>>> print(open('structure.cif').read())   # mmCIF, C-alpha atoms; chains and numbers go by the auth columns
data_query
loop_
_atom_site.group_PDB
_atom_site.id
_atom_site.type_symbol
_atom_site.label_atom_id
_atom_site.label_comp_id
_atom_site.label_asym_id
_atom_site.label_seq_id
_atom_site.Cartn_x
_atom_site.Cartn_y
_atom_site.Cartn_z
_atom_site.B_iso_or_equiv
_atom_site.auth_seq_id
_atom_site.auth_asym_id
ATOM 1 C CA MET A 1 42.124 -46.903 -63.475 0.00 1 A
ATOM 2 C CA SER A 2 45.441 -45.979 -61.993 0.00 2 A
ATOM 3 C CA LEU A 3 46.651 -45.397 -58.476 0.00 3 A
ATOM 4 C CA PHE A 4 46.314 -41.641 -58.904 0.00 4 A
ATOM 5 C CA ASN A 5 42.586 -41.885 -59.611 0.00 5 A
ATOM 6 C CA GLY A 6 42.076 -43.472 -56.204 0.00 6 A
ATOM 7 C CA LEU A 7 44.190 -40.797 -54.558 0.00 7 A
ATOM 8 C CA ASN A 8 42.232 -38.057 -56.336 0.00 8 A
ATOM 9 C CA ILE A 9 38.946 -39.526 -55.099 0.00 9 A
ATOM 10 C CA SER A 10 40.248 -39.671 -51.528 0.00 10 A
ATOM 11 C CA ALA A 11 41.575 -36.119 -51.740 0.00 11 A
ATOM 12 C CA SER A 12 38.222 -34.911 -53.037 0.00 12 A
ATOM 13 C CA GLY A 13 36.415 -36.485 -50.085 0.00 13 A
ATOM 14 C CA LEU A 14 38.868 -34.974 -47.614 0.00 14 A
ATOM 15 C CA THR A 15 38.444 -31.532 -49.193 0.00 15 A
ATOM 16 C CA ALA A 16 34.651 -31.806 -48.972 0.00 16 A
ATOM 17 C CA ASN A 17 34.785 -32.788 -45.306 0.00 17 A
ATOM 18 C CA ARG A 18 37.211 -29.968 -44.538 0.00 18 A
ATOM 19 C CA LEU A 19 34.751 -27.504 -46.067 0.00 19 A
ATOM 20 C CA ARG A 20 31.947 -28.956 -43.935 0.00 20 A
ATOM 21 C CA MET A 21 34.061 -28.634 -40.783 0.00 21 A
ATOM 22 C CA ASP A 22 34.945 -25.010 -41.641 0.00 22 A
ATOM 23 C CA VAL A 23 31.269 -24.147 -42.060 0.00 23 A
ATOM 24 C CA VAL A 24 30.309 -25.890 -38.808 0.00 24 A
ATOM 25 C CA SER A 25 33.030 -24.056 -36.885 0.00 25 A
ATOM 26 C CA SER A 26 31.887 -20.744 -38.398 0.00 26 A
ATOM 27 C CA ASN A 27 28.305 -21.450 -37.307 0.00 27 A
ATOM 28 C CA ILE A 28 29.421 -22.323 -33.763 0.00 28 A
ATOM 29 C CA ALA A 29 31.595 -19.214 -33.517 0.00 29 A
ATOM 30 C CA ASN A 30 28.713 -16.967 -34.578 0.00 30 A
ATOM 31 C CA ALA A 31 25.924 -18.735 -32.664 0.00 31 A
ATOM 32 C CA ASN A 32 25.482 -15.911 -30.147 0.00 32 A
ATOM 33 C CA THR A 33 26.268 -13.052 -32.499 0.00 33 A
ATOM 34 C CA ASN A 34 23.716 -10.298 -32.319 0.00 34 A
ATOM 35 C CA ARG A 35 25.509 -8.138 -34.857 0.00 35 A
ATOM 36 C CA ALA A 36 23.501 -7.531 -38.000 0.00 36 A
ATOM 37 C CA GLU A 37 24.588 -6.781 -41.542 0.00 37 A
ATOM 38 C CA LEU A 38 23.122 -4.049 -43.719 0.00 38 A
ATOM 39 C CA VAL A 39 21.683 -5.638 -46.884 0.00 39 A
ATOM 40 C CA ASN A 40 19.565 -3.615 -49.336 0.00 40 A
ATOM 41 C CA GLY A 41 18.835 -0.996 -46.682 0.00 41 A
ATOM 42 C CA GLU A 42 17.683 -3.521 -44.048 0.00 42 A
ATOM 43 C CA TRP A 43 19.525 -5.006 -41.096 0.00 43 A
ATOM 44 C CA VAL A 44 19.757 -8.783 -41.450 0.00 44 A
ATOM 45 C CA PRO A 45 20.979 -10.934 -38.517 0.00 45 A
ATOM 46 C CA TYR A 46 23.526 -13.719 -38.920 0.00 46 A
ATOM 47 C CA ARG A 47 22.151 -16.785 -40.679 0.00 47 A
ATOM 48 C CA ARG A 48 23.677 -20.196 -40.395 0.00 48 A
ATOM 49 C CA LYS A 49 25.578 -21.500 -43.359 0.00 49 A
ATOM 50 C CA THR A 50 25.040 -24.912 -44.900 0.00 50 A
ATOM 51 C CA VAL A 51 27.000 -27.104 -47.277 0.00 51 A
ATOM 52 C CA GLU A 52 25.370 -28.954 -50.123 0.00 52 A
ATOM 53 C CA LEU A 53 27.459 -31.635 -51.803 0.00 53 A
ATOM 54 C CA SER A 54 26.690 -33.390 -55.056 0.00 54 A
ATOM 55 C CA THR A 55 28.334 -35.980 -57.219 0.00 55 A
ATOM 56 C CA THR A 56 29.764 -35.571 -60.666 0.00 56 A
ATOM 57 C CA PRO A 57 28.526 -38.177 -63.135 0.00 57 A
ATOM 58 C CA ARG A 58 31.296 -40.370 -64.473 0.00 58 A
ATOM 59 C CA HIS A 59 31.129 -42.388 -67.645 0.00 59 A
ATOM 60 C CA PHE A 60 33.068 -45.641 -67.562 0.00 60 A
ATOM 61 C CA ARG A 61 34.412 -46.901 -70.829 0.00 61 A
#
>>> encode(input="structure.cif", output="structure tokens")
Amino acid sequence: MSLFNGLNISASGLTANRLRMDVVSSNIANANTNRAELVNGEWVPYRRKTVELSTTPRHFR
């Protein structure tokens, strides 16, 4: 394991948290939006977005 592996892991965590913060800010900005979107012929109001994170299995040798 080199120094760059540790940096890659840290960068991955920072990227994941940035995505979460972007989604939260989008939800806050659209909290009082009453504008609907036309989907399949029906008007659908804004729905909150969520982030689902998962791990990637690693095999140590």
>>> residues_around(input="structure.cif", residues="A:Arg48", least_positions_apart="3", cutoff="10 Å", atoms="only C-alpha atoms", output="PyMOL selection string")
chain A and resi 23-24+26-28+30-31+45
>>> atom_distance(input="structure.cif", atom1="atom CA of A:Asn17", atom2="atom CA of A:Leu3")
21.8 Å
>>> closest_residue(input="structure.cif", among="A:Gly6, A:Leu53, A:Tyr46, A:Ala16", to="A:Asn32", atoms="all atoms listed in the file")
A:Tyr46
>>> atom_distance(input="structure.cif", atom1="atom CA of A:Ser54", atom2="atom CA of A:Ser12")
11.8 Å
>>> atom_distance(input="structure.cif", atom1="atom CA of A:Ser25", atom2="atom CA of A:Ala11")
21.0 Å
>>> axis_aligned_box(input="structure.cif", around="stretch 8-22 of chain A", padding_each_side="6 Å", output="JSON")
{"center_x": 37.1, "center_y": -32.3, "center_z": -48.6, "size_x": 22.3, "size_y": 26.7, "size_z": 27.6}
>>> residues_near_point(input="structure.cif", point="(35.2, -37.3, -63.9)", cutoff="8 Å", atoms="all atoms listed in the file", output="ChimeraX atom specification")
/A:56-59
